Each structure stands twice: as C-alpha cells, then as structure tokens.
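Enquirer: Just so it is clear, I am handing over input-v4.pdb, which has PDB, C-alpha atoms, pLDDT in the B column.
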```pdb
ATOM      1  CA  ALA A   1      35.323  32.370  27.804  1.00 84.00           C
ATOM      2  CA  MET A   2      33.759  31.816  24.412  1.00 87.00           C
ATOM      3  CA  PRO A   3      34.342  34.605  21.882  1.00 88.00           C
ATOM      4  CA  ASP A   4      31.063  36.283  20.887  1.00 83.00           C
ATOM      5  CA  VAL A   5      31.571  35.281  17.252  1.00 86.00           C
ATOM      6  CA  TYR A   6      30.873  31.638  18.209  1.00 87.00           C
ATOM      7  CA  GLY A   7      27.468  32.506  19.652  1.00 83.00           C
ATOM      8  CA  CYS A   8      24.264  33.144  17.755  1.00 78.00           C
ATOM      9  CA  PRO A   9      22.925  36.550  18.849  1.00 76.00           C
ATOM     10  CA  SER A  10      19.391  35.073  18.857  1.00 71.00           C
ATOM     11  CA  ASP A  11      20.395  32.312  21.253  1.00 64.00           C
ATOM     12  CA  LEU A  12      23.135  33.575  23.576  1.00 56.00           C
ATOM     13  CA  ASP A  13      21.017  33.313  26.731  1.00 58.00           C
ATOM     14  CA  SER A  14      19.274  29.984  26.090  1.00 55.00           C
ATOM     15  CA  HIS A  15      22.040  27.599  27.153  1.00 55.00           C
ATOM     16  CA  GLU A  16      22.603  26.417  30.686  1.00 64.00           C
ATOM     17  CA  HIS A  17      26.287  27.052  30.082  1.00 68.00           C
ATOM     18  CA  PRO A  18      27.452  30.358  28.605  1.00 78.00           C
ATOM     19  CA  ASN A  19      30.326  28.744  26.695  1.00 87.00           C
ATOM     20  CA  PHE A  20      28.097  26.640  24.433  1.00 88.00           C
ATOM     21  CA  THR A  21      27.684  27.214  20.703  1.00 90.00           C
ATOM     22  CA  ASN A  22      25.092  26.034  18.180  1.00 90.00           C
ATOM     23  CA  TYR A  23      27.475  26.647  15.288  1.00 93.00           C
ATOM     24  CA  LEU A  24      28.780  23.296  14.123  1.00 96.00           C
ATOM     25  CA  ALA A  25      31.146  22.528  11.272  1.00 96.00           C
ATOM     26  CA  VAL A  26      29.726  20.166   8.655  1.00 97.00           C
ATOM     27  CA  VAL A  27      32.049  17.159   8.618  1.00 96.00           C
ATOM     28  CA  THR A  28      31.248  14.087   6.534  1.00 94.00           C
ATOM     29  CA  PRO A  29      33.300  11.775   4.313  1.00 93.00           C
ATOM     30  CA  GLU A  30      32.212  13.827   1.254  1.00 92.00           C
ATOM     31  CA  SER A  31      32.046  17.363   2.718  1.00 95.00           C
ATOM     32  CA  ALA A  32      34.634  20.104   2.310  1.00 95.00           C
ATOM     33  CA  MET A  33      35.803  19.548   5.887  1.00 95.00           C
ATOM     34  CA  ARG A  34      36.564  15.941   6.697  1.00 94.00           C
ATOM     35  CA  THR A  35      38.001  14.076   9.637  1.00 91.00           C
ATOM     36  CA  ALA A  36      41.089  13.495   7.477  1.00 88.00           C
ATOM     37  CA  ASP A  37      42.209  15.221   4.298  1.00 91.00           C
ATOM     38  CA  SER A  38      39.811  18.168   4.101  1.00 94.00           C
ATOM     39  CA  LEU A  39      39.548  19.795   0.687  1.00 94.00           C
ATOM     40  CA  ALA A  40      41.389  22.980  -0.198  1.00 94.00           C
ATOM     41  CA  TYR A  41      39.283  25.906  -1.384  1.00 94.00           C
ATOM     42  CA  GLY A  42      40.599  25.491  -4.930  1.00 93.00           C
ATOM     43  CA  ASP A  43      39.432  21.862  -4.968  1.00 93.00           C
ATOM     44  CA  LEU A  44      35.784  22.748  -4.318  1.00 93.00           C
ATOM     45  CA  PRO A  45      33.669  22.593  -7.496  1.00 90.00           C
ATOM     46  CA  ASN A  46      31.332  25.343  -6.282  1.00 90.00           C
ATOM     47  CA  PRO A  47      32.263  27.069  -2.975  1.00 93.00           C
ATOM     48  CA  ALA A  48      29.091  29.212  -3.108  1.00 92.00           C
ATOM     49  CA  GLN A  49      27.018  26.027  -2.821  1.00 91.00           C
ATOM     50  CA  THR A  50      29.110  24.133  -0.280  1.00 94.00           C
ATOM     51  CA  LEU A  51      28.030  24.333   3.376  1.00 95.00           C
ATOM     52  CA  LEU A  52      30.773  24.604   5.995  1.00 96.00           C
ATOM     53  CA  VAL A  53      28.890  25.536   9.187  1.00 96.00           C
ATOM     54  CA  VAL A  54      25.265  25.299  10.325  1.00 95.00           C
ATOM     55  CA  ASP A  55      23.426  26.781  13.293  1.00 92.00           C
ATOM     56  CA  ALA A  56      22.013  23.511  14.609  1.00 90.00           C
ATOM     57  CA  GLY A  57      19.986  25.016  17.468  1.00 86.00           C
ATOM     58  CA  PRO A  58      20.344  24.763  21.238  1.00 84.00           C
ATOM     59  CA  LYS A  59      19.484  21.045  21.406  1.00 86.00           C
ATOM     60  CA  HIS A  60      22.736  20.368  19.550  1.00 89.00           C
ATOM     61  CA  GLY A  61      24.790  23.000  21.360  1.00 88.00           C
ATOM     62  CA  VAL A  62      28.281  22.011  22.485  1.00 91.00           C
ATOM     63  CA  HIS A  63      31.106  23.623  24.419  1.00 92.00           C
ATOM     64  CA  TRP A  64      32.755  25.982  21.938  1.00 92.00           C
ATOM     65  CA  MET A  65      36.087  24.126  22.243  1.00 93.00           C
ATOM     66  CA  SER A  66      34.510  20.673  21.877  1.00 93.00           C
ATOM     67  CA  PRO A  67      35.482  18.671  18.786  1.00 92.00           C
ATOM     68  CA  VAL A  68      31.835  17.905  17.930  1.00 94.00           C
ATOM     69  CA  ASP A  69      30.638  18.501  14.382  1.00 95.00           C
ATOM     70  CA  ALA A  70      27.444  18.298  12.340  1.00 96.00           C
ATOM     71  CA  ASP A  71      27.223  15.064  10.391  1.00 96.00           C
ATOM     72  CA  GLU A  72      24.879  14.343   7.491  1.00 95.00           C
ATOM     73  CA  GLN A  73      22.191  12.930   9.771  1.00 96.00           C
ATOM     74  CA  LEU A  74      22.087  16.110  11.865  1.00 95.00           C
ATOM     75  CA  VAL A  75      21.932  18.464   8.860  1.00 94.00           C
ATOM     76  CA  LEU A  76      19.272  16.386   7.095  1.00 94.00           C
ATOM     77  CA  GLY A  77      17.359  15.992  10.373  1.00 93.00           C
ATOM     78  CA  LEU A  78      16.772  19.706  10.989  1.00 91.00           C
ATOM     79  CA  GLY A  79      13.061  20.100  10.372  1.00 89.00           C
ATOM     80  CA  PRO A  80       9.865  21.928  11.346  1.00 88.00           C
ATOM     81  CA  ASP A  81       9.876  20.257  14.778  1.00 88.00           C
ATOM     82  CA  SER A  82      13.497  21.187  15.559  1.00 87.00           C
ATOM     83  CA  GLU A  83      14.164  23.727  18.298  1.00 85.00           C
ATOM     84  CA  LEU A  84      15.777  26.507  16.283  1.00 85.00           C
ATOM     85  CA  PRO A  85      16.496  30.018  17.583  1.00 80.00           C
ATOM     86  CA  HIS A  86      15.134  31.777  14.486  1.00 82.00           C
ATOM     87  CA  ASN A  87      11.574  32.479  13.392  1.00 80.00           C
ATOM     88  CA  GLY A  88      10.291  31.060  10.154  1.00 80.00           C
ATOM     89  CA  ASN A  89      11.642  27.502  10.401  1.00 88.00           C
ATOM     90  CA  ILE A  90      15.114  28.433   9.229  1.00 92.00           C
ATOM     91  CA  PHE A  91      18.647  27.710  10.285  1.00 91.00           C
ATOM     92  CA  LEU A  92      21.682  29.779   9.475  1.00 92.00           C
ATOM     93  CA  ALA A  93      24.337  28.374   7.194  1.00 94.00           C
ATOM     94  CA  MET A  94      27.828  29.521   6.231  1.00 96.00           C
ATOM     95  CA  TYR A  95      29.176  28.555   2.830  1.00 96.00           C
ATOM     96  CA  ALA A  96      32.741  27.906   1.669  1.00 96.00           C
ATOM     97  CA  ASP A  97      32.888  31.186  -0.271  1.00 95.00           C
ATOM     98  CA  GLY A  98      32.317  33.064   3.008  1.00 95.00           C
ATOM     99  CA  HIS A  99      28.682  34.106   2.591  1.00 96.00           C
ATOM    100  CA  SER A 100      25.992  33.128   5.051  1.00 94.00           C
ATOM    101  CA  ALA A 101      22.282  32.687   4.492  1.00 94.00           C
ATOM    102  CA  ALA A 102      19.126  31.443   6.130  1.00 93.00           C
ATOM    103  CA  LEU A 103      18.190  27.984   4.917  1.00 92.00           C
ATOM    104  CA  SER A 104      14.593  26.770   5.250  1.00 92.00           C
ATOM    105  CA  VAL A 105      13.981  23.483   7.054  1.00 92.00           C
ATOM    106  CA  GLU A 106      11.630  22.746   4.137  1.00 92.00           C
ATOM    107  CA  VAL A 107      14.571  22.391   1.698  1.00 90.00           C
ATOM    108  CA  ALA A 108      14.437  18.880   0.246  1.00 89.00           C
ATOM    109  CA  PRO A 109      16.891  16.284   1.587  1.00 88.00           C
ATOM    110  CA  ALA A 110      18.446  15.847  -1.889  1.00 88.00           C
ATOM    111  CA  VAL A 111      19.266  19.563  -1.993  1.00 90.00           C
ATOM    112  CA  ARG A 112      20.700  19.567   1.535  1.00 91.00           C
ATOM    113  CA  ARG A 113      22.791  16.514   0.751  1.00 91.00           C
ATOM    114  CA  ALA A 114      24.120  18.275  -2.354  1.00 92.00           C
ATOM    115  CA  LEU A 115      24.948  21.376  -0.277  1.00 94.00           C
ATOM    116  CA  ILE A 116      26.902  19.434   2.347  1.00 93.00           C
ATOM    117  CA  THR A 117      28.926  17.378  -0.102  1.00 90.00           C
ATOM    118  CA  ALA A 118      31.669  18.745  -2.314  1.00 89.00           C
ATOM    119  CA  THR A 119      31.485  16.847  -5.593  1.00 79.00           C
ATOM    120  CA  ASP A 120      30.848  17.704  -9.229  1.00 72.00           C
ATOM    121  CA  GLU A 121      27.827  15.389  -9.152  1.00 70.00           C
ATOM    122  CA  ASP A 122      26.216  17.607  -6.511  1.00 65.00           C
ATOM    123  CA  ASN A 123      26.622  20.627  -8.767  1.00 61.00           C
ATOM    124  CA  LYS A 124      24.473  18.746 -11.312  1.00 63.00           C
ATOM    125  CA  THR A 125      21.837  18.073  -8.634  1.00 60.00           C
ATOM    126  CA  LEU A 126      21.760  21.729  -7.574  1.00 66.00           C
ATOM    127  CA  GLY A 127      21.722  22.862 -11.204  1.00 57.00           C
ATOM    128  CA  ASP A 128      18.622  20.750 -11.881  1.00 51.00           C
ATOM    129  CA  ILE A 129      16.805  22.349  -8.953  1.00 48.00           C
ATOM    130  CA  GLU A 130      17.697  25.991  -9.575  1.00 48.00           C
TER
END
```
Translate this structure into structure tokens?

Expert:
Amino acid sequence: AMPDVYGCPSDLDSHEHPNFTNYLAVVTPESAMRTADSLAYGDLPNPAQTLLVVDAGPKHGVHWMSPVDADEQLVLGLGPDSELPHNGNIFLAMYADGHSAALSVEVAPAVRRALITATDEDNKTLGDIE
C-alpha cells in the first residue's frame, strides 16, 4: 500500500486506484535530479529556487512505485485548464531546500523553466523577475 505521505490530502479519493500519486519528481537534463548523475545539494546554485517535486494533478497520476517523472513539458504545460486538486489554479511544489509552496499556473514559462533547472544562469533569470 502507498504511504500516506505520497498522496495529496486534497486528492486521495479521486483516483481509480488507491496506490496512485500525483507527486512527481522533476527530472530533466538540467534539473537537480537527472536520469544519470543527479546534482548533490552542495552543487545547486540556489536550492530555495530549485524545484524537485510537483503535484501534477490526477490526470498525471502514476502508481507510487512507478519510475515516471515530470519532465519540462509537463511542468510548463500545467495551466488554467489543467485538472488540479487545489482551488485557485495552483499546484504544489517542493524545493531542494525542503520547503514547499503553492505555485500559480499563471507563472511565466521562463520562470518555471528557471525553477526546474539548476544552473547559475537561471539564478540570473529569477533575480531579474524578483
């Protein structure tokens, strides 16, 4: 059985299968977690602005033990028309420093791309926006 920590409290009853999760690790060639050679915490330029996990909604739910992750297309594709379990057109996100926050689907693609990649250049992009 899936541990409760892998299930969004707002969405535990919406899946056909009780062992499905909406929480997906962000895995891209430039993210903190990668298919090969993930970055160590100390190698992240700004852990507080580096996404590790997103609540992608029930449409993207997978068996909690399935090796399915959120790629750039999925994270950038979450929008006002997405089926998300939270009010206010938001999705939950967990960052590399351990904090979590609601992220609006209205956040610009350039900002989301900067949040899911772990490079010094992205820190410049986020710094320009803040």

Enquirer: What is the atom CA of A:Thr119-atom CA of A:Pro67 distance in Å, reported with one decimal?

Expert: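 Those two atoms sit 24.8 Å apart.
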
Enquirer: Just so the selection is clear, what residues does the PyMOL selection byres ((chain A and resi 32) around 9) cover here, as a list in words?

Expert: Val26, Val27, Thr28, Pro29, Glu30, Ser31, Met33, Arg34, Ser38, Leu39, Ala40, Tyr41, Asp43, Leu44, Thr50, Leu51, Leu52, Ala96, Ile116, Thr117 and Ala118 of chain A

Enquirer: Deliver the residues from the most recent selection as a file, using C-alpha atoms, as a short mmCIF file (atom, residue, chain, number, x, y, z; two decimals), in the coordinates of the input.

Expert:
```
data_model
loop_
_atom_site.label_atom_id
_atom_site.label_comp_id
_atom_site.auth_asym_id
_atom_site.auth_seq_id
_atom_site.Cartn_x
_atom_site.Cartn_y
_atom_site.Cartn_z
CA VAL A 26 29.73 20.17 8.65
CA VAL A 27 32.05 17.16 8.62
CA THR A 28 31.25 14.09 6.53
CA PRO A 29 33.30 11.78 4.31
CA GLU A 30 32.21 13.83 1.25
CA SER A 31 32.05 17.36 2.72
CA MET A 33 35.80 19.55 5.89
CA ARG A 34 36.56 15.94 6.70
CA SER A 38 39.81 18.17 4.10
CA LEU A 39 39.55 19.80 0.69
CA ALA A 40 41.39 22.98 -0.20
CA TYR A 41 39.28 25.91 -1.38
CA ASP A 43 39.43 21.86 -4.97
CA LEU A 44 35.78 22.75 -4.32
CA THR A 50 29.11 24.13 -0.28
CA LEU A 51 28.03 24.33 3.38
CA LEU A 52 30.77 24.60 6.00
CA ALA A 96 32.74 27.91 1.67
CA ILE A 116 26.90 19.43 2.35
CA THR A 117 28.93 17.38 -0.10
CA ALA A 118 31.67 18.74 -2.31
#
```

Enquirer: Expressed in Å to a single decimal, how great is the separation between atom CA of A:Gly7 and atom CA of A:Tyr23?

Expert: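 Atom-to-atom, atom CA of A:Gly7 and atom CA of A:Tyr23 are spaced 7.3 Å apart.
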
Enquirer: So which one's closest to A:Asn19, A:His99, A:His86, A:Arg113, A:His63? Using only C-alpha atoms, please.

Expert: A:His63

Enquirer: Compare A:Pro45, A:Pro80, A:Pro58, A:Pro18 by their minimum atom-to-atom distance to A:Asp120, counting all atoms listed in the file, and give me the closest one.

Expert: A:Pro45

Enquirer: Let me know the residues the PyMOL selection byres ((chain A and resi 8) around 10) catches in the file above, as a list in words.

Expert: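 Output of the PyMOL selection byres ((chain A and resi 8) around 10): Asp4, Val5, Tyr6, Gly7, Pro9, Ser10, Asp11, Leu12, Asp13, Thr21, Asn22, Tyr23, Asp55, Gly57, Pro58, Pro85, His86 and Leu92 of chain A.
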
Enquirer: Restricted to C-alpha atoms, what would the selected residues look like written as an mmCIF file, in the coordinates of the input?

Expert:
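Listing of out05.cif after writing:
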```
data_model
loop_
_atom_site.group_PDB
_atom_site.id
_atom_site.type_symbol
_atom_site.label_atom_id
_atom_site.label_comp_id
_atom_site.auth_asym_id
_atom_site.auth_seq_id
_atom_site.Cartn_x
_atom_site.Cartn_y
_atom_site.Cartn_z
ATOM 1 C CA ASP A 4 31.063 36.283 20.887
ATOM 2 C CA VAL A 5 31.571 35.281 17.252
ATOM 3 C CA TYR A 6 30.873 31.638 18.209
ATOM 4 C CA GLY A 7 27.468 32.506 19.652
ATOM 5 C CA PRO A 9 22.925 36.550 18.849
ATOM 6 C CA SER A 10 19.391 35.073 18.857
ATOM 7 C CA ASP A 11 20.395 32.312 21.253
ATOM 8 C CA LEU A 12 23.135 33.575 23.576
ATOM 9 C CA ASP A 13 21.017 33.313 26.731
ATOM 10 C CA THR A 21 27.684 27.214 20.703
ATOM 11 C CA ASN A 22 25.092 26.034 18.180
ATOM 12 C CA TYR A 23 27.475 26.647 15.288
ATOM 13 C CA ASP A 55 23.426 26.781 13.293
ATOM 14 C CA GLY A 57 19.986 25.016 17.468
ATOM 15 C CA PRO A 58 20.344 24.763 21.238
ATOM 16 C CA PRO A 85 16.496 30.018 17.583
ATOM 17 C CA HIS A 86 15.134 31.777 14.486
ATOM 18 C CA LEU A 92 21.682 29.779 9.475
#
```

Enquirer: Rounded to one decimal place, report the atom CA of A:Ala93-atom CA of A:Glu121 distance in Å.

Expert: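 That distance, rounded to one decimal, is 21.2 Å.
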
Enquirer: Written as a PyMOL selection string, what is the full residue list that the PyMOL selection byres ((chain A and resi 71) around 9) yields on the file shown?

Expert: chain A and resi 25-28+69-70+72-76

Enquirer: Write out as an MDAnalysis selection string each polymer residue whose atoms come within 10 Å of A:Gly88, counting all atoms listed in the file; drop sequence neighbours fewer than 2 positions from it.

Expert: chainID A and resid 80 84:86 90:91 102:105

Enquirer: Write the residues of the selection above to a file with C-alpha atoms, as a PDB file, in the frame of the given file.

Expert:
```pdb
ATOM      1  CA  PRO A  80       9.865  21.928  11.346  1.00 88.00           C
ATOM      2  CA  LEU A  84      15.777  26.507  16.283  1.00 85.00           C
ATOM      3  CA  PRO A  85      16.496  30.018  17.583  1.00 80.00           C
ATOM      4  CA  HIS A  86      15.134  31.777  14.486  1.00 82.00           C
ATOM      5  CA  ILE A  90      15.114  28.433   9.229  1.00 92.00           C
ATOM      6  CA  PHE A  91      18.647  27.710  10.285  1.00 91.00           C
ATOM      7  CA  ALA A 102      19.126  31.443   6.130  1.00 93.00           C
ATOM      8  CA  LEU A 103      18.190  27.984   4.917  1.00 92.00           C
ATOM      9  CA  SER A 104      14.593  26.770   5.250  1.00 92.00           C
ATOM     10  CA  VAL A 105      13.981  23.483   7.054  1.00 92.00           C
TER      11      VAL A 105
END
```

Enquirer: Go through A:Pro3, A:Gly61, A:Pro109, A:Gly79 and flag the residue nearest A:Leu24, using all atoms listed in the file for the distances.

Expert: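 For A:Leu24, the nearest of the given residues is A:Gly61.
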